[in-house]
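I have placed the structure first, in the form of structure tokens, so that the comments after it can refer back to it.
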Amino acid sequence: TGVLSRSAIIDLVNRLCTTHALSLIVLDIDHFKRINDSFGHPKGDQVIVQVVTCLRQVVPASASIGRVGGEEFTIALPGQDSEAGLQIAQAVCRAVAEHEHQLPDSGRITASLGVSWMPRGGTFDEAYGLADQALYAAKRGGRNRVARAEGRPLDLRA
């Protein structure tokens, strides 16, 4: 895919958190198991590469993209506040849904996204935990949508 591995994005986010506040987006491709089961893993791999293409078209150059699981990605947005993270996540969600993925059944590919914000001094685990909770809220809300973390991060500067 040409994006960072799980360990590389975790290390990068932990380093960034020492000097920046950041927004973190967690993206999960909706119903991805159906793609692999219905059309085979090569088609699933093709969809993953196409989703990365969508991400690269939308996220700012200052962002870092990592693949943290089979069909799950993390986007680190250093220096971006929660509102900017939300707007970028919404643009990503639209880009994935509007992309022509060329599935044999002409089906659509969508993604659910969770967004968190972490002040300088936070950690990947804290930011990811909040974004992951938001991701599951997006899935429970019907998928193909974005949710922002409701939890407030600890003020680690106090």
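Following the order of the structure tokens, chains are lettered A, B, ..., residues in each are numbered from 1, and ligands are numbered from 1.
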Mind listing the helix (DSSP H, G or I) residues of stretch 12-134 of chain A, per DSSP on the backbone, as a ChimeraX atom specification? /A:12-17,32-39,41-58,82-98,124-134
Polymer residues at most 6 Å from A:Ile65, only C-alpha atoms, same-chain spacing of 3 or more positions, as a PyMOL selection string: chain A and resi 3+74-75
Would you give me, as a Markdown table, each residue of stretch 43-99 of chain A having an atom within 12 Å of an atom of stretch 133-147 of chain A, along with its shortest atom pair and that distance in Å to one decimal, using only C-alpha atoms and sorting by chain and residue number?
```
| residue | atom | partner | partner_atom | distance |
| --- | --- | --- | --- | --- |
| A:Glu72 | CA | A:Leu135 | CA | 10.6 |
| A:Phe73 | CA | A:Leu135 | CA | 11.4 |
| A:Thr74 | CA | A:Leu135 | CA | 11.2 |
| A:Ser82 | CA | A:Ala147 | CA | 11.2 |
| A:Glu83 | CA | A:Ala147 | CA | 11.5 |
| A:Gly85 | CA | A:Val146 | CA | 10.4 |
| A:Leu86 | CA | A:Val146 | CA | 7.6 |
| A:Gln87 | CA | A:Val146 | CA | 9.4 |
| A:Ile88 | CA | A:Val146 | CA | 10.0 |
| A:Ala89 | CA | A:Val146 | CA | 6.6 |
| A:Gln90 | CA | A:Val146 | CA | 6.2 |
| A:Ala91 | CA | A:Val146 | CA | 9.7 |
| A:Val92 | CA | A:Val146 | CA | 9.4 |
| A:Cys93 | CA | A:Arg145 | CA | 6.5 |
| A:Arg94 | CA | A:Asn144 | CA | 8.4 |
| A:Ala95 | CA | A:Asn144 | CA | 10.9 |
| A:Val96 | CA | A:Asn144 | CA | 9.1 |
| A:Ala97 | CA | A:Asn144 | CA | 7.6 |
| A:Glu98 | CA | A:Asn144 | CA | 11.1 |
```
Deliver the residues from the most recent selection as a file, using N, CA, C and O atoms, as a PDB file, in the first residue's frame.
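Generated file (part_18.pdb):
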```pdb
ATOM      1  N   GLU A  72      -8.049  -1.614   8.305  1.00  0.00           N
ATOM      2  CA  GLU A  72      -8.115  -0.455   9.195  1.00  0.00           C
ATOM      3  C   GLU A  72      -6.876   0.415   9.039  1.00  0.00           C
ATOM      4  O   GLU A  72      -5.758  -0.082   9.008  1.00  0.00           O
ATOM      5  N   PHE A  73      -7.126   1.722   8.957  1.00  0.00           N
ATOM      6  CA  PHE A  73      -6.066   2.698   8.761  1.00  0.00           C
ATOM      7  C   PHE A  73      -6.143   3.775   9.829  1.00  0.00           C
ATOM      8  O   PHE A  73      -7.219   4.044  10.368  1.00  0.00           O
ATOM      9  N   THR A  74      -5.008   4.376  10.106  1.00  0.00           N
ATOM     10  CA  THR A  74      -4.924   5.508  11.024  1.00  0.00           C
ATOM     11  C   THR A  74      -4.274   6.673  10.282  1.00  0.00           C
ATOM     12  O   THR A  74      -3.289   6.476   9.564  1.00  0.00           O
ATOM     13  N   SER A  82      -9.555  19.421  16.567  1.00  0.00           N
ATOM     14  CA  SER A  82     -10.641  18.449  16.406  1.00  0.00           C
ATOM     15  C   SER A  82     -11.539  18.778  15.221  1.00  0.00           C
ATOM     16  O   SER A  82     -11.956  17.894  14.475  1.00  0.00           O
ATOM     17  N   GLU A  83     -11.820  20.058  15.022  1.00  0.00           N
ATOM     18  CA  GLU A  83     -12.698  20.458  13.911  1.00  0.00           C
ATOM     19  C   GLU A  83     -12.044  20.164  12.562  1.00  0.00           C
ATOM     20  O   GLU A  83     -12.688  19.665  11.643  1.00  0.00           O
ATOM     21  N   GLY A  85      -9.754  17.877  12.014  1.00  0.00           N
ATOM     22  CA  GLY A  85      -9.762  16.418  11.893  1.00  0.00           C
ATOM     23  C   GLY A  85     -11.109  15.905  11.423  1.00  0.00           C
ATOM     24  O   GLY A  85     -11.191  15.026  10.565  1.00  0.00           O
ATOM     25  N   LEU A  86     -12.169  16.485  11.957  1.00  0.00           N
ATOM     26  CA  LEU A  86     -13.524  16.092  11.565  1.00  0.00           C
ATOM     27  C   LEU A  86     -13.776  16.408  10.093  1.00  0.00           C
ATOM     28  O   LEU A  86     -14.303  15.575   9.343  1.00  0.00           O
ATOM     29  N   GLN A  87     -13.371  17.582   9.647  1.00  0.00           N
ATOM     30  CA  GLN A  87     -13.583  17.960   8.246  1.00  0.00           C
ATOM     31  C   GLN A  87     -12.793  17.064   7.298  1.00  0.00           C
ATOM     32  O   GLN A  87     -13.307  16.652   6.249  1.00  0.00           O
ATOM     33  N   ILE A  88     -11.567  16.747   7.658  1.00  0.00           N
ATOM     34  CA  ILE A  88     -10.755  15.851   6.821  1.00  0.00           C
ATOM     35  C   ILE A  88     -11.380  14.461   6.785  1.00  0.00           C
ATOM     36  O   ILE A  88     -11.474  13.844   5.724  1.00  0.00           O
ATOM     37  N   ALA A  89     -11.828  13.970   7.932  1.00  0.00           N
ATOM     38  CA  ALA A  89     -12.463  12.649   7.981  1.00  0.00           C
ATOM     39  C   ALA A  89     -13.718  12.611   7.115  1.00  0.00           C
ATOM     40  O   ALA A  89     -13.974  11.627   6.413  1.00  0.00           O
ATOM     41  N   GLN A  90     -14.504  13.672   7.135  1.00  0.00           N
ATOM     42  CA  GLN A  90     -15.708  13.720   6.302  1.00  0.00           C
ATOM     43  C   GLN A  90     -15.341  13.698   4.817  1.00  0.00           C
ATOM     44  O   GLN A  90     -16.008  13.025   4.021  1.00  0.00           O
ATOM     45  N   ALA A  91     -14.280  14.400   4.456  1.00  0.00           N
ATOM     46  CA  ALA A  91     -13.825  14.398   3.059  1.00  0.00           C
ATOM     47  C   ALA A  91     -13.336  13.004   2.657  1.00  0.00           C
ATOM     48  O   ALA A  91     -13.605  12.541   1.538  1.00  0.00           O
ATOM     49  N   VAL A  92     -12.646  12.327   3.557  1.00  0.00           N
ATOM     50  CA  VAL A  92     -12.181  10.958   3.282  1.00  0.00           C
ATOM     51  C   VAL A  92     -13.377  10.030   3.102  1.00  0.00           C
ATOM     52  O   VAL A  92     -13.421   9.225   2.160  1.00  0.00           O
ATOM     53  N   CYS A  93     -14.350  10.141   3.980  1.00  0.00           N
ATOM     54  CA  CYS A  93     -15.542   9.292   3.911  1.00  0.00           C
ATOM     55  C   CYS A  93     -16.235   9.455   2.552  1.00  0.00           C
ATOM     56  O   CYS A  93     -16.594   8.465   1.907  1.00  0.00           O
ATOM     57  N   ARG A  94     -16.385  10.692   2.114  1.00  0.00           N
ATOM     58  CA  ARG A  94     -17.009  10.958   0.805  1.00  0.00           C
ATOM     59  C   ARG A  94     -16.157  10.407  -0.329  1.00  0.00           C
ATOM     60  O   ARG A  94     -16.678   9.805  -1.274  1.00  0.00           O
ATOM     61  N   ALA A  95     -14.838  10.608  -0.252  1.00  0.00           N
ATOM     62  CA  ALA A  95     -13.950  10.150  -1.324  1.00  0.00           C
ATOM     63  C   ALA A  95     -14.012   8.640  -1.494  1.00  0.00           C
ATOM     64  O   ALA A  95     -14.063   8.136  -2.623  1.00  0.00           O
ATOM     65  N   VAL A  96     -14.034   7.910  -0.394  1.00  0.00           N
ATOM     66  CA  VAL A  96     -14.107   6.442  -0.474  1.00  0.00           C
ATOM     67  C   VAL A  96     -15.447   6.020  -1.076  1.00  0.00           C
ATOM     68  O   VAL A  96     -15.505   5.171  -1.972  1.00  0.00           O
ATOM     69  N   ALA A  97     -16.541   6.625  -0.617  1.00  0.00           N
ATOM     70  CA  ALA A  97     -17.881   6.254  -1.100  1.00  0.00           C
ATOM     71  C   ALA A  97     -18.098   6.614  -2.563  1.00  0.00           C
ATOM     72  O   ALA A  97     -18.818   5.907  -3.283  1.00  0.00           O
ATOM     73  N   GLU A  98     -17.473   7.687  -3.031  1.00  0.00           N
ATOM     74  CA  GLU A  98     -17.675   8.139  -4.407  1.00  0.00           C
ATOM     75  C   GLU A  98     -16.727   7.483  -5.404  1.00  0.00           C
ATOM     76  O   GLU A  98     -16.949   7.572  -6.612  1.00  0.00           O
TER      77      GLU A  98
END
```
From atom CA of A:Ser7 to atom CA of A:Pro42 the spacing works out at 24.4 Å
(Q) List as a PyMOL selection string the protein and nucleic acid residues near stretch 14-24 of chain A, meaning an atom at most 6 Å away when only C-alpha atoms are counted, but skip any in the same chain fewer than 2 places from it. (A) chain A and resi 11-12+75-82+85+115-124
Dump of all heavy atoms for the selected residues, as a compact mmCIF listing (two decimals), in the first residue's frame:
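Final output, saved to again.txt:
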```txt
# COMPACT_ATOMS: atom_id res chain seq x y z
N ASP A 11 4.85 4.47 16.49
CA ASP A 11 6.08 5.17 16.87
C ASP A 11 6.03 6.63 16.45
O ASP A 11 6.40 7.52 17.22
CB ASP A 11 7.31 4.49 16.27
CG ASP A 11 7.61 3.14 16.89
OD1 ASP A 11 7.06 2.82 17.97
OD2 ASP A 11 8.40 2.39 16.27
N LEU A 12 5.59 6.89 15.22
CA LEU A 12 5.53 8.26 14.72
C LEU A 12 4.58 9.11 15.55
O LEU A 12 4.92 10.23 15.96
CB LEU A 12 5.10 8.28 13.25
CG LEU A 12 4.93 9.68 12.66
CD1 LEU A 12 6.25 10.42 12.62
CD2 LEU A 12 4.30 9.58 11.29
N ILE A 75 -4.84 7.85 10.47
CA ILE A 75 -4.30 9.06 9.86
C ILE A 75 -3.94 10.02 10.99
O ILE A 75 -4.82 10.40 11.79
CB ILE A 75 -5.33 9.72 8.93
CG1 ILE A 75 -5.80 8.72 7.87
CG2 ILE A 75 -4.75 10.98 8.29
CD1 ILE A 75 -7.10 9.09 7.19
N ALA A 76 -2.68 10.38 11.07
CA ALA A 76 -2.21 11.32 12.09
C ALA A 76 -2.14 12.71 11.47
O ALA A 76 -1.57 12.90 10.39
CB ALA A 76 -0.83 10.90 12.60
N LEU A 77 -2.72 13.67 12.16
CA LEU A 77 -2.79 15.05 11.68
C LEU A 77 -2.16 15.98 12.71
O LEU A 77 -2.86 16.59 13.53
CB LEU A 77 -4.25 15.43 11.43
CG LEU A 77 -5.00 14.57 10.41
CD1 LEU A 77 -6.50 14.70 10.58
CD2 LEU A 77 -4.56 14.95 9.01
N PRO A 78 -0.83 16.09 12.70
CA PRO A 78 -0.17 16.94 13.70
C PRO A 78 -0.55 18.40 13.53
O PRO A 78 -0.67 18.90 12.41
CB PRO A 78 1.32 16.71 13.44
CG PRO A 78 1.41 16.20 12.05
CD PRO A 78 0.12 15.48 11.78
N GLY A 79 -0.79 19.05 14.67
CA GLY A 79 -1.12 20.47 14.64
C GLY A 79 -2.55 20.77 14.22
O GLY A 79 -2.92 21.94 14.13
N GLN A 80 -3.34 19.75 13.96
CA GLN A 80 -4.73 19.95 13.53
C GLN A 80 -5.66 19.79 14.74
O GLN A 80 -5.52 18.84 15.50
CB GLN A 80 -5.13 18.93 12.46
CG GLN A 80 -4.30 19.00 11.21
CD GLN A 80 -4.65 20.19 10.34
OE1 GLN A 80 -5.71 20.79 10.46
NE2 GLN A 80 -3.73 20.56 9.46
N ASP A 81 -6.60 20.70 14.87
CA ASP A 81 -7.55 20.60 15.98
C ASP A 81 -8.67 19.61 15.64
O ASP A 81 -8.72 19.07 14.52
CB ASP A 81 -8.09 21.97 16.37
CG ASP A 81 -8.91 22.65 15.28
OD1 ASP A 81 -9.36 21.98 14.32
OD2 ASP A 81 -9.12 23.87 15.39
N SER A 82 -9.56 19.42 16.57
CA SER A 82 -10.64 18.45 16.41
C SER A 82 -11.54 18.78 15.22
O SER A 82 -11.96 17.89 14.47
CB SER A 82 -11.46 18.39 17.70
OG SER A 82 -12.54 17.53 17.57
N GLY A 85 -9.75 17.88 12.01
CA GLY A 85 -9.76 16.42 11.89
C GLY A 85 -11.11 15.91 11.42
O GLY A 85 -11.19 15.03 10.56
N VAL A 115 -12.79 10.07 14.94
CA VAL A 115 -11.82 11.16 15.06
C VAL A 115 -11.62 11.50 16.53
O VAL A 115 -12.59 11.63 17.28
CB VAL A 115 -12.30 12.43 14.32
CG1 VAL A 115 -11.27 13.54 14.41
CG2 VAL A 115 -12.65 12.12 12.88
N SER A 116 -10.35 11.67 16.91
CA SER A 116 -10.05 12.14 18.26
C SER A 116 -9.06 13.29 18.16
O SER A 116 -8.44 13.52 17.12
CB SER A 116 -9.47 11.02 19.12
OG SER A 116 -8.17 10.65 18.67
N TRP A 117 -8.91 14.00 19.26
CA TRP A 117 -7.92 15.06 19.37
C TRP A 117 -7.15 14.84 20.66
O TRP A 117 -7.75 14.45 21.69
CB TRP A 117 -8.59 16.43 19.39
CG TRP A 117 -7.58 17.53 19.57
CD1 TRP A 117 -6.84 18.12 18.60
CD2 TRP A 117 -7.20 18.15 20.80
NE1 TRP A 117 -6.01 19.08 19.14
CE2 TRP A 117 -6.21 19.11 20.50
CE3 TRP A 117 -7.57 17.98 22.12
CZ2 TRP A 117 -5.60 19.90 21.47
CZ3 TRP A 117 -6.97 18.76 23.10
CH2 TRP A 117 -6.00 19.72 22.76
N MET A 118 -5.85 15.05 20.61
CA MET A 118 -5.01 14.84 21.77
C MET A 118 -4.09 16.05 21.94
O MET A 118 -3.46 16.48 20.97
CB MET A 118 -4.18 13.58 21.56
CG MET A 118 -3.42 13.09 22.76
SD MET A 118 -4.39 12.65 24.23
CE MET A 118 -5.71 11.65 23.60
N PRO A 119 -4.01 16.60 23.16
CA PRO A 119 -3.08 17.71 23.37
C PRO A 119 -1.64 17.21 23.34
O PRO A 119 -1.38 16.00 23.45
CB PRO A 119 -3.44 18.21 24.77
CG PRO A 119 -4.02 17.02 25.46
CD PRO A 119 -4.72 16.22 24.37
N ARG A 120 -0.72 18.13 23.18
CA ARG A 120 0.69 17.78 23.24
C ARG A 120 0.95 17.04 24.55
O ARG A 120 0.41 17.40 25.59
CB ARG A 120 1.54 19.05 23.18
CG ARG A 120 3.02 18.78 23.12
CD ARG A 120 3.76 20.08 22.98
NE ARG A 120 3.36 20.99 24.05
CZ ARG A 120 4.16 21.39 25.02
NH1 ARG A 120 5.40 21.00 25.06
NH2 ARG A 120 3.71 22.20 25.95
N GLY A 121 1.73 16.00 24.49
CA GLY A 121 2.04 15.21 25.67
C GLY A 121 1.20 13.95 25.78
O GLY A 121 1.41 13.13 26.67
N GLY A 122 0.25 13.76 24.87
CA GLY A 122 -0.57 12.55 24.87
C GLY A 122 0.21 11.38 24.29
O GLY A 122 1.41 11.46 24.03
N THR A 123 -0.49 10.29 24.05
CA THR A 123 0.13 9.10 23.47
C THR A 123 -0.76 8.54 22.37
O THR A 123 -1.96 8.85 22.29
CB THR A 123 0.33 7.98 24.51
OG1 THR A 123 -0.95 7.49 24.94
CG2 THR A 123 1.15 8.46 25.71
N PHE A 124 -0.16 7.69 21.55
CA PHE A 124 -0.93 7.01 20.51
C PHE A 124 -2.08 6.24 21.15
O PHE A 124 -3.21 6.30 20.66
CB PHE A 124 -0.04 6.05 19.72
CG PHE A 124 -0.81 5.22 18.73
CD1 PHE A 124 -1.10 5.72 17.48
CD2 PHE A 124 -1.27 3.95 19.06
CE1 PHE A 124 -1.84 4.98 16.56
CE2 PHE A 124 -2.00 3.19 18.15
CZ PHE A 124 -2.28 3.72 16.90
```
Which residues are near A:Lys33? Cut-off 12 Å, only C-alpha atoms, ignore same chain within fewer than 4 positions. Put them as a count of residues only.
14
Problem set entry | Closest of A:Cys54, A:Ala111, A:Ala61, A:Val13 to A:Ala127 - atom-to-atom distances counting only C-alpha atoms |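 Selected residue with least distance to A:Ala127: A:Val13.
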Expected answer as a ChimeraX atom specification: strand (DSSP E or B) residues in stretch 37-140 of chain A = /A:64-67,72-78,111-118
The residue from A:Ala131, A:Ala8, A:Leu27, A:Ile35 with the smallest atom-to-atom distance to A:Leu55, counting only C-alpha atoms, is A:Leu27
